[in-house]
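Below is one structure, written out as C-alpha cells; comments come after it.
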2 protein chains.
Amino acid sequence: MTMKSISLLFLLLNISLGWAEPDIQKANLRFPFDLPKGNGAWIRPTVGQIWPKPQLEQPTDNFMVLRPNDFHFQITGHTCDILEEAIHRYYNLIFFPPRGSGTSKRFQKLSNKYSMTWEKNENFRGYLDTVILNVMQPCEKLPSLNMDEHYEIKIDTTDRPREGIILGQSVWGILRGLESFSQLVYSSQNGIAFQINSTMIMDFPRFPHRGLLLDSSRHFLPLPVIKDNLDLMAQNKLNVFHWHITDDPAFPYESRKFPSLSQLGSFNPYSHVYSPSDVEDVIQYARMRGIRVIPEFDTPGHTQSWGPGSPGLLTPCYKKDGTKDNFFGPINPVPAKNYKFLREFFAEIFQVFPDAYVHLGGDEVDFSCWASNPEIKSFMKQQGWEQDFARLEQFYMQRLINVTQDVTKGEMRYLVWQEVIDNNVVLPTNTVIHVWKDGNNFHDELARVTKFGYRTVLSSPWYLNYINYGVDWDRYYLAEPLSFNGTESQKRLVIGGEACMWGEFIDAVSVTSITWPRASAVAERLWSSASTNDPRLAAPRLEEHRCRLLRRGFNVNPINGVSYCDIEW
Amino acid sequence: MTMKSISLLFLLLNISLGWAEPDIQKANLRFPFDLPKGNGAWIRPTVGQIWPKPQLEQPTDNFMVLRPNDFHFQITGHTCDILEEAIHRYYNLIFFPPRGSGTSKRFQKLSNKYSMTWEKNENFRGYLDTVILNVMQPCEKLPSLNMDEHYEIKIDTTDRPREGIILGQSVWGILRGLESFSQLVYSSQNGIAFQINSTMIMDFPRFPHRGLLLDSSRHFLPLPVIKDNLDLMAQNKLNVFHWHITDDPAFPYESRKFPSLSQLGSFNPYSHVYSPSDVEDVIQYARMRGIRVIPEFDTPGHTQSWGPGSPGLLTPCYKKDGTKDNFFGPINPVPAKNYKFLREFFAEIFQVFPDAYVHLGGDEVDFSCWASNPEIKSFMKQQGWEQDFARLEQFYMQRLINVTQDVTKGEMRYLVWQEVIDNNVVLPTNTVIHVWKDGNNFHDELARVTKFGYRTVLSSPWYLNYINYGVDWDRYYLAEPLSFNGTESQKRLVIGGEACMWGEFIDAVSVTSITWPRASAVAERLWSSASTNDPRLAAPRLEEHRCRLLRRGFNVNPINGVSYCDIEW
C-alpha cells in the first residue's frame, strides 16, 4: 500500500539539471500565496479563527474577556466520562497550554500598565465567566461511522447577550464544539487577556469518515507518539485512526491467542510491541476524543512478519529449478488450517477493537511466489483457473470474509483496499472500498467503485509520507473527492477520506512533525464545505493553527515558509 | 544563497504521472543497498564502528570490558578547561547517554544470570579501567583553520597490552580521539557490559574546514537547538559552525553598537534575538568541542531586515514612472556614510567572534532596484560604468573589504560566496571562496576559483534543506570535492566543505531531524579518505551511528528506511 513514487526519475532529472540555476530560483518554487517584499514572515496569521473552517459563522467585532480564575464550563444537559474529561482538557488547552498562552510571559510584568484597558474599548461586551454545555441526547459510549457531530456555538448573540453556550444532540458534537470554542479564544492586550469575539457558529462535517493512517510496522511508533497524533486529530476534527498495525517488516501487535506472532515477528518482543493494555489505552484515549480506531491486519500480502510466529501460514516460494527457495510469499490460500487460524485471529481482533469496522487490507499481492509453489499450482489446476491468480486472491478474500462473518455472527464490517474490488471479489454490500492508487487521478476509480454501489474512502491524493521541498499543503487541500463523473447517489457513497503516513522513512522522531499540519489541509477538505477551497484564504488561518498546535505542545512543522510563532519549539 | 530547485517541474511531472503506478513502486525508489526479503529492518547495524571512518584502523576480535564505577580517564600530558570538560562529557556519553546505554533497561534484572560470562570467552583480555589522555603540546585557546586534529588510539596493542591510551599533539586531536573512543565502546552481554575491541587507530582529517551552515534568519533557532547541533557536529567531527545569522526576513543578532537593527528587524526583539551573552554562549560551547564559529553577515543583498533599524542603508527602489516605490533593494553602495556604518558594525563583529574569518556573503545581488534608483544611476554614469552593475557590486565589496581591513588592522580574513569572484572583485589572496551553485556540477567553478589561486570551500552538492523521499544520504556521500580537472596545487586549495541547512521550510521543530544524520554523510566525505566511498559499506555503520545519536538524546531521523533502534525517540 505504499507507492514508492517515481523518485528515480526525479533524481535523474535533478542530477542532469544540476539542482537549478540560481537565476530561476524562487520563480520555480510555486506558492499558494504572494511572497511579500521586505522583511518579516511570509504569511500574517489570523487571530481566533477556527480550523477546519465551520460551515456557518457570523463573526462580529464585539468581544468578551475570559478570566482563567473565574471561567468555568457548566453542564446543563446529559453528561458522561467523555464530557467530564473534555472540559478539563479544554480548560487547560485554552488557559494553560504546555508551551505558553500565546504570547511570551515577559509581558505579564506589564499587566498593571495594561490592566483593564479593554473596559474602555467600545467593542468590549463584558466578561464571559460561564459557558453552558448542553448535550441533548444521552452520551453514546463509542464513536461510530454514524455518530452525530453537529454543534452550535453562541457567544453573546442577540438571543443570549453576554452569554456563552455550546450545544449539540450528541456528546460528539459537543467535543467538536469545545475544540472550536478553544480556537476562538485568543490572547490579546499584549498577552494578559484572553478574548473571544461575539459570534454564532453552526457546524457539521461534510463527510463522516475523516481519518489518518499511521503505520506502526515499518517503524515502531511508541504510545506517546500515537497519543500525540490522536490529540492532533481531535484538534483538527479528524475522527478515524486507521492503525496499520502490521506489515512485512514487523508484527508489533501482541495477540492473546497467538503470542508467538509478536514474539517472533516484532523488532523486539519487549520494547517494540503493543501489549493488550497498550491497545486498550489507545482505544480509550481515542474514544475520549470522539475518534474511532480501525485496525488494519493486511492480508494475504504484506505479511512477511506473520511468518516466523505462524509456521505454515505463508507460501513457501520455489526456485525456477523446482527446489524450495528460502523465502516466503503471501499467506498460502490453499490449506484449510490457515482459515482456521484467521478465523480465530480475527475473532480476537473483533473483540479487542470495539469499532464495527476492521480493515482487511488486500492490496499489492505478489503472485510470483504463489505461481512458483507446487501445492498452489495443483490447486489452481484442480479449480481450472489456469494462471488467473486474481481468482486465487478472490478465493482467499472470499473465504476470509466468510470465516470472519461466521465467527462474528455477521457483525464485522470491512474496509478493503481497492485491489480487492479491482480483482472482482464479491463483498458484503456494506463494505467500504479504500481507494489509494493513482495520486490525483483517482476519479475513474471512484466512479467505478461507486457504480458498483460500494461506499468508498479516498486516500490517493493524500499520501503525506511523500515529502516535498517547499509549500505543499495546498495540493492536498485542493484535492476534491467529489470531482468525479457520477450521479448524486454515487457521490453520496463517498463517505470520506484518510491522510496516509506510511512508515518507511519516518519514525517517532518526525512522524508528528511531517504529518502536521499537512494533515490539517486534508482535515479541512473533509470537514468544511466544498466551496471552502481557496488556499489564499486558508493560508493565514493555517498559519495561526500551526502556532496554536505548537503552543499546545506538539512538534508540528512550519507550513508556509518563512515564519515565526510567539514561542518556538 | 538558497537555490529553490526545480520543484515546479517535479510537481508537474508528479501530477501528470499520477504519483506512480503501483507495479513500478519499489523498483523506482533507488537504494544504495539491496532490500532484504522477509521481515525485519533493511540494514543490520555494525557494532562499535566509528563514524566518520578513521584513516587507519587495526581491529581485532579481542575485547576488554569497561566497568562504569571503575573506569576513568587519566590525563598525563598538558591539560586545560577544554580537556577537563571533555572527559566528563565523554564519560557520560559512554555510560549514561540520555536515552539509555544502548540496550533496554529490562535486561539489567537478568544481570546475575549473565554476569561475568565474558570472563570465560577466549577473546576476553581483561578490564579496561584507565584510559590515558596524552596531550603533547599546551592547549590552544581557540580552534582555528590550522588546528591539529591528528590523534592515535591504542587499546590493548602489542606495545601496550591491556592498556588504553589516546594521544595527540593538540587538545583538538584528543577531542576527536575521545569521540572515536566513545564510539568504539558498545554494550554487549544483553546490555549489562560495556565492551571495546582491542584496536589501534591513527586518524586525521582529509580537509581542515568541515562545516555546517544553519540559517537563523528565515526561522529563528533557539539556543538549545543550536547547541544540539554543535554537539552533533562534534560527534561527527565537523569543526566549523557557519552561522548565517541574518538575511532578508529577520535580523536576530543583537548588536551592542546598533541595537535598533534587531529591535526593528527581528521577528520579536525580546524572544527572537541572540543577545550578546547568547552569542558568547554559542562561541564557548563550540570552542569546548573544537568547533569554530564563523558568522555570516551577508551584504549587499539579503539585507531587507537591516532596513528598519538602519535608515538610509538600503537602496530606495523607484517605479518605472520615476516615482519612489515603497520598498527597498540591496545596501546602497553610493553614500560614504554607509561604509562608515559597515566599518563600525564589522569592527564589533570581529571583536565579538574570535575566529579570524568572517563570511561577507555577497551572493544573489538583485540589480533591478539599483538600476531604478536615480542616485545610483548618476553615480554609474559618473564612473562611466554604463549598465554594468557587477562593477558596482565589485565597487561595494572592495570598499567593504577596505574598511574592514582598515578597522581590524589587516587581521580579518574572509569567506565570500562565489558570485564575488564570478563578478571579478579583487580579494585578499587569503580569502576563501565559498562555492554553492550548480549542485553536483560544481567542477568547473572549483577549477576556475583554484586557478585564480584562491582557497575554496564547497557546498554545492550539500544543500540538505532540499528534502527527498527515500534514502538520499548516498548522493551527499558520493560527491567528491577533488573530482575536478586541475593540478595538484589547485586541489590543495580546496580546504573543505560545508553542509547547508537553509531555513525557509524548517525551524526548531525539525532542523535537527532533517539535518542529521544526512549531514553525517558529508562529515565522512570531508574527514575520511577519498577511497572511503562505498555506500554499501557505509550503510551499516551509518545505521549504528544513527541509533547512537538517538541514544545520546538527539532527535535524528531514520536514514536507511525500515529500521529500529533499541530505544526509540
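As shown in the C-alpha cells, the chain order sets the letters A, B, ...; within each chain, residues go from 1, and ligands are also counted from 1 in the order they appear.
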All strand (DSSP E or B) residues (DSSP, backbone) inside range 59-306 of chain A, as an MDAnalysis selection string: chainID A and resid 63:66 72:75 124:127 130:135 151:157 160:168 186:188 193:197 199:203 209:215 240:244 253 274 292:299
Skip Phe267 in chain A itself and residues of its chain fewer than 4 positions away, then list as a list in words all residues within 10 Å of it, counting only C-alpha atoms. Ser217, Arg218, His219, Phe220, Pro249, Ala250, Phe251, Pro252, Ser262, Gln263, Ser271, His272, Val273 and Ser305 of chain A; Asn39, Gly40, Ala41, Ser563, Tyr564, Cys565 and Asp566 of chain B
Keeping only C-alpha atoms, write the selected residues to a file as a compact mmCIF listing (two decimals), in the first residue's frame.
# COMPACT_ATOMS: atom_id res chain seq x y z
CA SER A 217 5.15 -1.84 11.28
CA ARG A 218 7.85 -0.23 9.16
CA HIS A 219 8.94 1.75 12.16
CA PHE A 220 7.62 1.19 15.64
CA PRO A 249 8.77 -5.67 8.45
CA ALA A 250 7.26 -6.21 11.88
CA PHE A 251 4.29 -7.57 13.80
CA PRO A 252 4.09 -5.39 16.92
CA SER A 262 4.82 -10.69 18.04
CA GLN A 263 7.38 -12.70 19.98
CA SER A 271 10.17 -2.89 23.75
CA HIS A 272 8.69 -2.81 20.24
CA VAL A 273 5.24 -4.28 20.78
CA SER A 305 6.33 -10.62 9.70
CA ASN B 39 10.69 -9.38 7.74
CA GLY B 40 12.95 -7.13 9.78
CA ALA B 41 14.98 -3.99 9.21
CA SER B 563 14.65 0.09 10.87
CA TYR B 564 14.57 0.29 14.63
CA CYS B 565 16.82 1.32 17.48
CA ASP B 566 16.92 -0.30 20.89
Can you pull out the residues contacting Val403 in chain B? Cut-off 6 Å, using only C-alpha atoms, and skip same-chain residues under 3 positions away; I want them as JSON, numbers by chain. {"B": [343, 400, 406]}
Fewer than 6 positions away in the same chain doesn't count, so skip those; otherwise give me all residues within 6 Å of Tyr318 in chain A, counting only C-alpha atoms, as an NGL selection string. :A and (324-325 or 372-373)
Dump all heavy atoms for the selected residues as a short mmCIF file (atom, residue, chain, number, x, y, z; two decimals), in the first residue's frame?
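Result file out.cif:
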data_model
loop_
_atom_site.label_atom_id
_atom_site.label_comp_id
_atom_site.auth_asym_id
_atom_site.auth_seq_id
_atom_site.Cartn_x
_atom_site.Cartn_y
_atom_site.Cartn_z
N LYS A 324 13.00 -25.78 -3.32
CA LYS A 324 12.45 -24.79 -2.40
C LYS A 324 13.43 -23.64 -2.20
O LYS A 324 14.62 -23.86 -1.98
CB LYS A 324 12.18 -25.46 -1.05
CG LYS A 324 10.83 -25.10 -0.46
CD LYS A 324 10.62 -25.83 0.86
CE LYS A 324 9.19 -25.66 1.34
NZ LYS A 324 8.89 -26.52 2.51
N ASP A 325 12.93 -22.45 -2.28
CA ASP A 325 13.76 -21.28 -2.00
C ASP A 325 13.70 -21.04 -0.49
O ASP A 325 12.89 -21.65 0.20
CB ASP A 325 13.20 -20.07 -2.76
CG ASP A 325 14.32 -19.14 -3.19
OD1 ASP A 325 15.37 -19.14 -2.53
OD2 ASP A 325 14.14 -18.44 -4.21
N SER A 372 4.98 -20.05 -8.14
CA SER A 372 6.11 -20.98 -8.09
C SER A 372 5.83 -22.20 -7.25
O SER A 372 6.56 -23.18 -7.28
CB SER A 372 7.34 -20.25 -7.52
OG SER A 372 7.24 -20.14 -6.10
N ASN A 373 4.77 -22.16 -6.46
CA ASN A 373 4.54 -23.18 -5.43
C ASN A 373 3.72 -24.36 -5.96
O ASN A 373 2.60 -24.18 -6.47
CB ASN A 373 3.82 -22.51 -4.25
CG ASN A 373 3.52 -23.47 -3.12
OD1 ASN A 373 2.66 -24.34 -3.27
ND2 ASN A 373 4.24 -23.33 -2.02
#
Which is closest to chain A among B:Ile87, B:Leu550, B:Ala286, B:Leu415, if we use only C-alpha atoms? B:Leu550
At a cut-off of 10 Å, using only C-alpha atoms, what residues contact Ser310 in chain B? Leave out same-chain residues fewer than 3 positions from it and give the result as an MDAnalysis selection string. chainID B and resid 258:261 264:265 305:307 313:314 338 341
Hey, can you spit out that residue selection with C-alpha atoms as an mmCIF file, in the first residue's frame?
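Saved as selection_2.cif:
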data_model
loop_
_atom_site.group_PDB
_atom_site.id
_atom_site.type_symbol
_atom_site.label_atom_id
_atom_site.label_comp_id
_atom_site.auth_asym_id
_atom_site.auth_seq_id
_atom_site.Cartn_x
_atom_site.Cartn_y
_atom_site.Cartn_z
ATOM 1 C CA PHE B 258 23.454 49.299 16.727
ATOM 2 C CA PRO B 259 20.692 47.787 18.888
ATOM 3 C CA SER B 260 17.971 49.158 16.629
ATOM 4 C CA LEU B 261 18.927 46.606 13.958
ATOM 5 C CA LEU B 264 13.254 46.735 14.495
ATOM 6 C CA GLY B 265 14.479 43.938 12.241
ATOM 7 C CA SER B 305 15.848 43.059 7.679
ATOM 8 C CA TRP B 306 18.689 45.571 8.120
ATOM 9 C CA GLY B 307 16.462 48.290 6.724
ATOM 10 C CA LEU B 313 21.284 51.906 4.393
ATOM 11 C CA LEU B 314 19.134 50.180 1.785
ATOM 12 C CA ASN B 338 27.053 53.501 4.639
ATOM 13 C CA PHE B 341 28.329 52.207 9.354
#
Assign secondary structure with DSSP using the backbone only, and return the residues of range 368-558 of chain A in helix (DSSP H, G or I) as a PyMOL selection string. chain A and resi 368-372+374-383+389-407+419-422+443-451+460-462+473-477+488-492+511-515+518-527+535-551
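The shortest atom-to-atom distance to Pro98 in chain B, with only C-alpha atoms taken into account, belongs to B:Arg551 out of B:Arg536, B:Arg475, B:Arg551, B:His242.
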Skip Ile165 in chain A itself and residues of its chain fewer than 6 positions away, then list as a ChimeraX atom specification all residues within 7 Å of it, counting only C-alpha atoms. /A:131-133,153-155
Counting only C-alpha atoms, the residue of B:Trp42, B:Ile567, B:Val457, B:Trp417 that sits nearest Phe505 in chain A: B:Trp42
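Nearest-residue note for chain B: choosing from A:Asp34, A:Asp472, A:Glu543, A:Glu498, the minimum distance belongs to A:Asp472, counting only C-alpha atoms.
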Closest atom pairs, residues of range 242-325 of chain A within 9 Å of range 202-214 of chain A, only C-alpha atoms, as a Markdown table:
| residue | atom | partner | partner_atom | distance |
| --- | --- | --- | --- | --- |
| A:His242 | CA | A:Leu213 | CA | 4.5 |
| A:Trp243 | CA | A:Leu214 | CA | 5.6 |
| A:His244 | CA | A:Leu214 | CA | 5.9 |
| A:Ile245 | CA | A:Leu214 | CA | 7.9 |
| A:Ile291 | CA | A:Gly211 | CA | 8.9 |
| A:Arg292 | CA | A:Gly211 | CA | 8.9 |
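As for CA of Ser378 in chain B and CA of Pro311 in chain B, they are spaced 21.2 Å apart.
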Atomic separation - CA of Asn197 in chain B relative to CA of Leu93 in chain B, Å: 18.0 Å
